[in-house]
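Student: Just so it is clear, I am handing over structure05.cif, which has mmCIF, C-alpha atoms and all ligand atoms.
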data_data
loop_
_atom_site.label_atom_id
_atom_site.label_comp_id
_atom_site.auth_asym_id
_atom_site.auth_seq_id
_atom_site.Cartn_x
_atom_site.Cartn_y
_atom_site.Cartn_z
CA MET B 158 127.32 166.57 -28.84
CA THR B 159 125.82 169.93 -29.80
CA HIS B 160 123.45 170.14 -32.78
CA ARG B 161 123.72 173.40 -34.67
CA ILE B 162 120.27 174.39 -36.00
CA ALA B 163 119.81 177.21 -38.50
CA VAL B 164 116.46 178.89 -37.75
CA ILE B 165 114.76 180.74 -40.63
CA PRO B 166 111.18 181.93 -39.98
CA GLY B 167 110.66 183.36 -43.49
CA ASP B 168 107.38 185.11 -44.25
CA GLY B 169 103.79 185.56 -43.08
CA ILE B 170 102.64 182.94 -40.60
CA GLY B 171 106.13 181.42 -40.74
CA LYS B 172 107.09 184.18 -38.30
CA GLU B 173 104.17 183.27 -36.01
CA VAL B 174 104.48 179.49 -35.95
CA MET B 175 108.28 179.44 -35.65
CA PRO B 176 108.36 180.59 -31.98
CA GLU B 177 106.00 177.73 -31.11
CA GLY B 178 108.11 175.25 -33.07
CA LEU B 179 111.13 176.44 -31.09
CA ARG B 180 109.20 176.28 -27.81
CA ALA B 181 108.43 172.60 -28.48
CA LEU B 182 111.97 171.91 -29.66
CA GLU B 183 113.51 173.48 -26.56
CA ALA B 184 111.09 171.71 -24.22
CA ALA B 185 112.01 168.35 -25.78
CA ALA B 186 115.73 169.20 -25.72
CA ALA B 187 115.52 170.09 -22.02
CA ARG B 188 113.62 166.91 -21.14
CA PHE B 189 115.93 164.58 -23.08
CA GLY B 190 119.22 166.38 -22.37
CA ILE B 191 119.87 167.35 -25.99
CA ASP B 192 122.28 170.20 -26.58
CA LEU B 193 121.11 172.61 -29.28
CA GLU B 194 122.78 175.70 -30.64
CA LEU B 195 120.22 177.83 -32.48
CA GLU B 196 121.42 180.35 -35.01
CA HIS B 197 118.80 182.77 -36.34
CA PHE B 198 118.77 184.11 -39.91
CA ASP B 199 116.54 186.81 -41.40
CA PHE B 200 117.18 185.88 -45.03
CA ALA B 201 114.99 183.65 -47.26
CA SER B 202 112.16 186.09 -46.61
CA CYS B 203 110.45 188.81 -48.61
CA ASP B 204 111.45 191.38 -45.92
CA TYR B 205 115.07 190.54 -46.68
CA TYR B 206 114.32 190.92 -50.39
CA ALA B 207 112.81 194.38 -49.80
CA GLU B 208 116.06 195.49 -48.17
CA HIS B 209 118.62 193.70 -50.35
CA GLY B 210 116.90 193.06 -53.70
CA GLN B 211 117.47 189.30 -53.37
CA MET B 212 116.12 186.55 -51.14
CA LEU B 213 119.52 185.27 -49.99
CA PRO B 214 122.93 186.81 -49.33
CA ASP B 215 125.66 185.83 -51.80
CA ASP B 216 127.39 183.67 -49.17
CA TRP B 217 124.27 181.83 -47.93
CA PHE B 218 125.72 178.43 -48.84
CA GLU B 219 128.80 179.09 -46.69
CA GLN B 220 126.62 180.34 -43.83
CA LEU B 221 124.35 177.28 -43.79
CA LYS B 222 126.38 174.34 -45.06
CA ASP B 223 127.79 173.33 -41.67
CA ALA B 224 124.46 173.42 -39.85
CA ASP B 225 123.22 170.02 -38.69
CA ALA B 226 119.70 170.96 -39.80
CA ILE B 227 117.69 173.91 -41.05
CA PHE B 228 114.40 174.75 -39.37
CA TYR B 229 112.30 176.80 -41.77
CA GLY B 230 108.92 178.52 -41.55
CA ALA B 231 107.25 179.60 -44.78
CA VAL B 232 108.06 181.62 -47.86
CA GLY B 233 106.06 184.08 -49.91
CA TRP B 234 104.56 187.54 -49.65
CA PRO B 235 103.06 188.14 -53.08
CA GLU B 236 102.08 191.73 -52.25
CA THR B 237 105.76 192.68 -52.42
CA VAL B 238 107.57 189.85 -54.25
CA PRO B 239 106.06 187.59 -56.95
CA ASP B 240 105.77 184.03 -55.59
CA HIS B 241 108.02 182.49 -58.25
CA ILE B 242 110.80 184.95 -57.36
CA SER B 243 110.57 184.30 -53.62
CA LEU B 244 110.33 180.52 -53.95
CA TRP B 245 113.10 180.12 -56.54
CA GLY B 246 115.24 182.62 -54.64
CA SER B 247 115.12 180.72 -51.35
CA LEU B 248 113.61 177.30 -50.62
CA LEU B 249 114.33 175.84 -54.04
CA GLN B 250 117.96 176.96 -53.76
CA PHE B 251 118.24 175.14 -50.45
CA ARG B 252 116.65 171.96 -51.81
CA ARG B 253 118.92 171.90 -54.86
CA ARG B 254 122.27 173.00 -53.46
CA PHE B 255 121.89 170.82 -50.37
CA ASP B 256 120.64 167.96 -52.55
CA GLN B 257 117.58 167.43 -50.37
CA TYR B 258 116.16 165.05 -52.91
CA VAL B 259 113.52 163.48 -50.67
CA ASN B 260 110.58 165.52 -49.44
CA LEU B 261 108.92 163.36 -46.81
CA ARG B 262 105.41 164.45 -45.86
CA PRO B 263 103.39 162.42 -43.33
CA CYS B 264 99.64 162.58 -43.60
CA LYS B 265 97.72 161.40 -40.55
CA LEU B 266 94.25 161.94 -39.14
CA LEU B 267 94.96 163.12 -35.60
CA PRO B 268 92.82 162.51 -32.52
CA GLY B 269 90.21 165.19 -31.92
CA VAL B 270 90.46 166.58 -35.46
CA LYS B 271 87.43 166.19 -37.68
CA SER B 272 88.07 164.95 -41.19
CA PRO B 273 85.83 166.54 -43.86
CA LEU B 274 85.41 162.99 -45.19
CA ALA B 275 82.46 161.08 -43.76
CA ASP B 276 83.02 158.53 -40.99
CA ARG B 277 86.80 158.73 -40.84
CA GLU B 278 88.50 157.98 -37.53
CA PRO B 279 92.16 158.32 -36.44
CA GLY B 280 93.92 155.26 -37.84
CA ASP B 281 91.94 155.39 -41.11
CA ILE B 282 94.32 157.92 -42.65
CA ASP B 283 98.00 157.36 -41.96
CA PHE B 284 100.37 157.48 -44.89
CA TYR B 285 103.46 159.23 -46.24
CA VAL B 286 103.89 161.18 -49.43
CA VAL B 287 107.46 160.90 -50.73
CA ARG B 288 107.98 163.75 -53.16
CA GLU B 289 110.92 163.95 -55.55
CA ASN B 290 112.44 167.29 -54.55
CA THR B 291 115.18 168.49 -56.89
CA GLU B 292 114.04 168.05 -60.51
CA GLY B 293 110.90 166.99 -62.42
CA GLU B 294 108.42 169.72 -63.29
CA TYR B 295 110.30 172.24 -61.08
CA SER B 296 112.98 172.73 -63.71
CA SER B 297 114.77 175.84 -64.83
CA VAL B 298 115.03 174.53 -68.40
CA GLY B 299 112.98 176.61 -70.78
CA GLY B 300 112.39 180.18 -71.78
CA LYS B 301 110.34 182.68 -73.69
CA MET B 302 110.54 183.79 -77.31
CA PHE B 303 108.81 186.66 -79.07
CA GLU B 304 107.72 188.03 -75.73
CA GLY B 305 104.78 190.39 -75.84
CA THR B 306 103.98 189.64 -79.48
CA GLU B 307 101.31 187.52 -81.16
CA ARG B 308 103.99 184.84 -81.67
CA GLU B 309 104.85 184.59 -77.98
CA VAL B 310 106.22 181.10 -77.08
CA VAL B 311 106.69 179.90 -73.50
CA ILE B 312 108.42 176.59 -72.72
CA GLN B 313 109.34 174.90 -69.43
CA GLU B 314 110.65 171.37 -69.70
CA THR B 315 110.20 168.56 -67.19
CA VAL B 316 113.58 167.09 -66.32
CA MET B 317 113.83 163.53 -65.02
CA THR B 318 117.17 161.82 -64.59
CA ARG B 319 117.80 158.17 -63.85
CA THR B 320 119.93 159.15 -60.85
CA GLY B 321 117.30 161.54 -59.56
CA VAL B 322 114.32 159.24 -59.99
CA ASP B 323 115.99 156.00 -58.87
CA ARG B 324 117.27 157.49 -55.64
CA VAL B 325 113.88 158.82 -54.54
CA LEU B 326 112.19 155.55 -55.54
CA LYS B 327 114.78 153.64 -53.49
CA TYR B 328 113.97 155.82 -50.48
CA ALA B 329 110.23 155.24 -50.98
CA TYR B 330 110.62 151.48 -51.35
CA GLU B 331 112.75 151.30 -48.22
CA LEU B 332 110.22 153.33 -46.27
CA ALA B 333 107.39 151.06 -47.50
CA GLN B 334 109.42 147.98 -46.61
CA SER B 335 109.93 149.27 -43.07
CA ARG B 336 106.18 149.71 -42.46
CA PRO B 337 103.76 146.92 -41.52
CA ARG B 338 101.62 147.18 -44.67
CA LYS B 339 104.61 147.29 -47.05
CA LYS B 340 102.60 149.06 -49.71
CA LEU B 341 103.82 151.59 -52.26
CA THR B 342 101.67 153.68 -54.59
CA SER B 343 103.22 155.58 -57.49
CA ALA B 344 101.53 158.63 -59.03
CA THR B 345 102.00 159.45 -62.70
CA LYS B 346 99.94 160.51 -65.73
CA SER B 347 101.38 158.11 -68.24
CA ASN B 348 98.58 158.20 -70.76
CA GLY B 349 98.78 161.95 -71.35
CA ILE B 350 102.40 162.76 -70.50
CA ALA B 351 103.69 160.00 -72.67
CA ILE B 352 107.50 160.27 -72.43
CA THR B 353 108.59 161.10 -68.90
CA MET B 354 105.76 159.42 -67.02
CA PRO B 355 105.83 155.94 -68.65
CA TRP B 356 109.59 156.07 -68.09
CA TRP B 357 108.97 156.82 -64.36
CA ASP B 358 106.63 153.78 -64.32
CA GLU B 359 109.42 151.64 -65.80
CA ARG B 360 111.86 152.84 -63.12
CA VAL B 361 109.27 151.95 -60.44
CA LYS B 362 109.08 148.42 -61.83
CA ALA B 363 112.86 148.09 -62.13
CA MET B 364 113.45 149.28 -58.56
CA GLY B 365 110.67 146.96 -57.34
CA ALA B 366 112.80 143.95 -58.30
CA HIS B 367 114.99 144.77 -55.26
CA TYR B 368 111.99 144.90 -52.89
CA PRO B 369 109.92 141.76 -53.49
CA GLU B 370 108.04 142.16 -50.19
CA VAL B 371 106.61 145.54 -51.19
CA SER B 372 103.33 145.50 -53.12
CA VAL B 373 103.07 148.28 -55.70
CA ASP B 374 100.12 150.17 -57.20
CA GLN B 375 100.48 152.64 -60.03
CA PHE B 376 97.75 155.26 -60.51
CA HIS B 377 97.17 158.16 -62.84
CA ILE B 378 97.26 161.31 -60.75
CA ASP B 379 93.64 162.28 -61.47
CA ILE B 380 92.06 159.10 -60.15
CA LEU B 381 94.65 158.93 -57.39
CA ALA B 382 93.50 162.38 -56.20
CA ALA B 383 89.91 161.14 -56.25
CA ASN B 384 90.92 158.07 -54.24
CA PHE B 385 92.66 160.23 -51.63
CA VAL B 386 89.18 161.60 -50.94
CA MET B 387 87.16 158.39 -51.41
CA HIS B 388 89.57 155.78 -49.99
CA PRO B 389 92.38 157.43 -48.00
CA ASP B 390 92.74 154.17 -46.05
CA TRP B 391 94.16 152.50 -49.19
CA PHE B 392 97.46 154.35 -48.92
CA ASP B 393 100.65 153.63 -47.01
CA VAL B 394 103.57 155.23 -48.91
CA VAL B 395 102.85 157.32 -52.01
CA VAL B 396 105.74 158.36 -54.26
CA ALA B 397 105.42 161.10 -56.85
CA SER B 398 107.26 163.64 -58.95
CA ASN B 399 107.99 167.11 -57.62
CA LEU B 400 104.73 168.75 -58.77
CA PHE B 401 102.41 165.78 -58.22
CA GLY B 402 103.96 165.19 -54.79
CA ASP B 403 103.41 168.83 -53.85
CA ILE B 404 99.74 168.69 -54.81
CA LEU B 405 99.11 165.34 -53.11
CA SER B 406 100.76 166.52 -49.92
CA ASP B 407 98.30 169.42 -49.65
CA LEU B 408 95.33 167.25 -50.62
CA GLY B 409 96.23 164.51 -48.12
CA PRO B 410 96.31 166.80 -45.06
CA ALA B 411 93.14 168.54 -46.30
CA CYS B 412 91.48 165.11 -46.01
CA THR B 413 92.67 164.98 -42.41
CA GLY B 414 90.85 168.22 -41.57
CA THR B 415 93.54 170.89 -41.86
CA ILE B 416 96.76 171.52 -43.70
CA GLY B 417 97.91 173.47 -40.63
CA VAL B 418 99.15 170.32 -38.91
CA ALA B 419 101.16 168.89 -41.81
CA PRO B 420 104.96 168.72 -41.44
CA SER B 421 107.70 167.98 -43.91
CA ALA B 422 111.33 166.94 -44.06
CA ASN B 423 113.48 167.91 -47.03
CA ILE B 424 116.10 165.25 -46.62
CA ASN B 425 119.61 164.83 -47.93
CA PRO B 426 119.77 161.12 -47.10
CA ASP B 427 123.51 160.94 -47.80
CA GLY B 428 124.13 163.36 -44.92
CA HIS B 429 126.64 165.48 -46.85
CA PHE B 430 124.48 168.56 -46.38
CA PRO B 431 121.91 169.74 -43.83
CA SER B 432 118.32 168.58 -44.22
CA LEU B 433 115.53 171.13 -43.88
CA PHE B 434 112.34 170.83 -41.83
CA GLU B 435 109.29 173.01 -42.48
CA PRO B 436 105.52 172.86 -42.32
CA VAL B 437 103.80 171.93 -45.59
CA HIS B 438 101.73 175.12 -45.51
CA GLY B 439 102.91 178.39 -46.99
CA SER B 440 102.93 181.90 -45.54
CA ALA B 441 99.10 182.22 -45.62
CA PRO B 442 98.80 186.00 -46.14
CA ASP B 443 95.02 185.73 -45.53
CA ILE B 444 95.53 184.92 -41.83
CA ALA B 445 99.03 186.32 -41.24
CA GLY B 446 99.15 188.82 -38.38
CA LYS B 447 96.02 187.49 -36.70
CA GLY B 448 97.83 185.07 -34.36
CA ILE B 449 95.53 182.18 -35.22
CA ALA B 450 97.72 179.98 -37.42
CA ASN B 451 97.97 176.39 -36.27
CA PRO B 452 101.56 175.83 -35.06
CA ILE B 453 101.39 172.02 -35.21
CA GLY B 454 102.87 171.80 -38.73
CA GLN B 455 105.95 173.61 -37.38
CA VAL B 456 105.95 171.66 -34.10
CA TRP B 457 105.67 168.30 -35.89
CA SER B 458 108.50 169.38 -38.21
CA ALA B 459 110.62 169.91 -35.06
CA ALA B 460 109.80 166.31 -34.09
CA MET B 461 110.93 165.07 -37.52
CA MET B 462 114.12 167.10 -37.15
CA LEU B 463 114.92 165.58 -33.75
CA GLU B 464 114.32 162.10 -35.13
CA HIS B 465 116.60 162.87 -38.08
CA LEU B 466 119.29 164.08 -35.66
CA GLY B 467 119.18 160.76 -33.84
CA HIS B 468 116.67 161.50 -31.06
CA PRO B 469 113.56 159.45 -31.90
CA ALA B 470 112.28 159.41 -28.30
CA ALA B 471 112.38 163.20 -28.14
CA GLY B 472 110.58 163.42 -31.49
CA GLN B 473 107.95 160.97 -30.31
CA ALA B 474 107.45 162.98 -27.08
CA ILE B 475 106.55 166.01 -29.21
CA VAL B 476 104.09 163.98 -31.30
CA ASP B 477 102.53 162.46 -28.16
CA ALA B 478 102.19 165.95 -26.67
CA PHE B 479 100.32 167.54 -29.59
CA GLU B 480 98.14 164.46 -30.02
CA ALA B 481 97.20 164.67 -26.32
CA VAL B 482 96.40 168.38 -26.54
CA LEU B 483 94.28 167.82 -29.66
CA ALA B 484 92.47 164.88 -28.05
CA GLU B 485 91.69 166.98 -24.96
CA GLY B 486 89.81 169.37 -27.25
CA ASP B 487 90.00 172.52 -25.12
CA LYS B 488 88.47 175.12 -27.42
CA ALA B 489 90.25 177.95 -25.60
CA VAL B 490 93.55 176.39 -26.64
CA LEU B 491 92.88 174.99 -30.12
CA THR B 492 93.20 177.22 -33.16
CA PRO B 493 90.14 177.87 -35.37
CA ASP B 494 91.16 175.39 -38.10
CA VAL B 495 90.74 172.57 -35.58
CA GLY B 496 87.52 173.88 -34.10
CA GLY B 497 88.76 176.18 -31.32
CA GLN B 498 88.97 179.88 -30.56
CA GLY B 499 92.56 179.81 -29.32
CA THR B 500 95.72 181.42 -30.61
CA THR B 501 98.95 180.14 -32.13
CA GLU B 502 100.72 180.94 -28.87
CA ALA B 503 98.10 179.31 -26.60
CA LEU B 504 98.29 176.06 -28.56
CA GLY B 505 102.10 176.19 -28.70
CA ARG B 506 102.35 176.75 -24.95
CA ALA B 507 99.93 173.90 -24.18
CA ILE B 508 102.03 171.53 -26.31
CA ALA B 509 105.31 172.65 -24.73
CA GLU B 510 103.87 172.16 -21.23
CA ARG B 511 102.90 168.60 -22.15
CA ILE B 512 106.34 167.88 -23.54
CA ALA B 513 107.95 169.14 -20.33
CA GLY B 514 105.74 166.63 -18.47
N1 LIG C 601 106.63 175.98 -45.55
C1 LIG C 601 106.57 175.68 -46.90
C2 LIG C 601 106.31 176.84 -47.81
O1 LIG C 601 106.54 177.99 -47.50
N2 LIG C 601 105.82 176.50 -48.94
C3 LIG C 601 105.52 177.45 -49.94
C4 LIG C 601 105.37 176.81 -51.25
O2 LIG C 601 104.55 177.18 -52.05
N3 LIG C 601 106.20 175.85 -51.51
C5 LIG C 601 106.18 175.20 -52.75
C6 LIG C 601 106.91 173.94 -52.69
O3 LIG C 601 107.08 173.34 -51.63
O4 LIG C 601 107.31 173.49 -53.74
#
Can you give me the file's structure in the form of structure tokens?
Ligand code: GGG
Tutor:
Amino acid sequence: MTHRIAVIPGDGIGKEVMPEGLRALEAAAARFGIDLELEHFDFASCDYYAEHGQMLPDDWFEQLKDADAIFYGAVGWPETVPDHISLWGSLLQFRRRFDQYVNLRPCKLLPGVKSPLADREPGDIDFYVVRENTEGEYSSVGGKMFEGTEREVVIQETVMTRTGVDRVLKYAYELAQSRPRKKLTSATKSNGIAITMPWWDERVKAMGAHYPEVSVDQFHIDILAANFVMHPDWFDVVVASNLFGDILSDLGPACTGTIGVAPSANINPDGHFPSLFEPVHGSAPDIAGKGIANPIGQVWSAAMMLEHLGHPAAGQAIVDAFEAVLAEGDKAVLTPDVGGQGTTEALGRAIAERIAG
């Protein structure tokens, strides 16, 4: 069976980490006898926007819908395209039209990487953020009135649906149930945001009736953020709305030393549409072009993609390879965010060599 993968590097460091993600993917495919057909696309990037005046071609859905997975880099180049135009014109279209309603973001302290938190060892931080990915605070409901006048009014509504919330909670409960600790934490702000958030809390309780083995904590987002820093070992599976999940899944990896290693899977669990795999980080204009971006977020996303496609051993081989390279600690190979002086390519090559065995 051949897996058709749509490859979209996007912007900034997306273009630099993607070749290393592909190097790891191809090394794992060769070792495990997996047949991949890679199809490369230049859209969903600000360069494409500069040429065409839009982030995506009109027929993007037709071009991508039959892919088995989408492998994405990063989006955004604010010097040429405002961030809200590039994001809404690309990634958010994919998430919505392909109904990728789960954004799964592992957060793990890796061997050889120093956490900024005192006395934390690998094993102390190992949890998942499950982010609702198609509605919530990322809504297109709202507008402006009296623009540019003293009476200017700007409104953007949060949209939560029972279908949308229940299905992501179900995914989170099932993930928690499958893990040894069986622990779920829900993030809201139900005292201040007093309509949608208490309702989310009610849905958490209602869904919990189907998962009696899972223990559930509910936190306000502010103290939850503080506890990510003070007690990251408390967490196992954390479920949150679109915005809160986005923030927590940057904060979590920051507690593990670098956001550069964090991967994500935008999953359509029903399998009707392709799921999309991308690092958590963005295009990082501050380091783009320097060749020093950490490729592990992209490489780990390749591992998640292989697992999703039914090749868990190949995915695990990729994870084992980057953990071994990090644990070795060769400063000539590691990128600066993990204490080295190496390049994106040097680290990517070292990982691919390990995968090949
Ligand atoms: N690789 C992910 C990426 O480019 N992220 C840019 C970003 O800001 N994304 C916002 C989001 O995930 O909602």
Student: Kindly compile the residues surrounding ligand LIG 601 (chain C) within 7 Å, counting all atoms listed in the file, and format them as a count of residues only.
Tutor: 13
Student: Excluding Trp234 of chain B and any residue of its chain fewer than 4 positions from it, enumerate the residues within 10 Å of it, using all atoms listed in the file, and give them as a list in words.
Tutor: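 Once the nearby chain positions are removed, what remains is Gly167, Asp168, Gly169, Ser202, Cys203, Asp204, Val238, Pro239, Asp240, Ser243, Gly439, Ser440, Ala441 and Pro442 of chain B.
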Student: May I ask which of the residues B:Asn260, B:Thr306, B:Thr353, B:Gln498 is the closest one to Val286 of chain B, counting all atoms listed in the file?
Tutor: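 Selected residue with least distance to Val286 of chain B: B:Asn260.
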Student: What are the closest atom pairs, with distances in Å to one decimal, for all residues of segment 180-256 of chain B lying within 8 Å of segment 291-304 of chain B? Consider all atoms listed in the file, order rows by chain and residue number, and present the result as a tab-separated table.
Tutor:
residue	atom	partner	partner_atom	distance
B:Leu249	CA	B:Thr291	CA	7.9
B:Arg252	CA	B:Thr291	CA	6.3
B:Arg253	CA	B:Thr291	CA	5.5
B:Asp256	CA	B:Thr291	CA	7.0
Student: Looking at all atoms listed in the file, which of B:Pro420, B:Gly428, B:Gly280, B:Gly514 is the one that sits closest to Pro263 of chain B?
Tutor: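 Of B:Pro420, B:Gly428, B:Gly280, B:Gly514, the one nearest Pro263 of chain B is B:Pro420, counting all atoms listed in the file.
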Student: Give me the residues within 9 Å of Phe251 of chain B as a list of chain:residue names, counting all atoms listed in the file and dropping any in the same chain fewer than 4 places off.
Tutor: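 The residues satisfying every condition are B:Phe218, B:Ser247, B:Phe255, B:Asp256, B:Gln257, B:Leu433.
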Student: Would you mind telling me which residue in B:Ile162, B:Ala470, B:Cys412, B:Val325 lies nearest to Glu278 of chain B when using all atoms listed in the file?
Tutor: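 That would be B:Cys412, the residue with the smallest distance to Glu278 of chain B.
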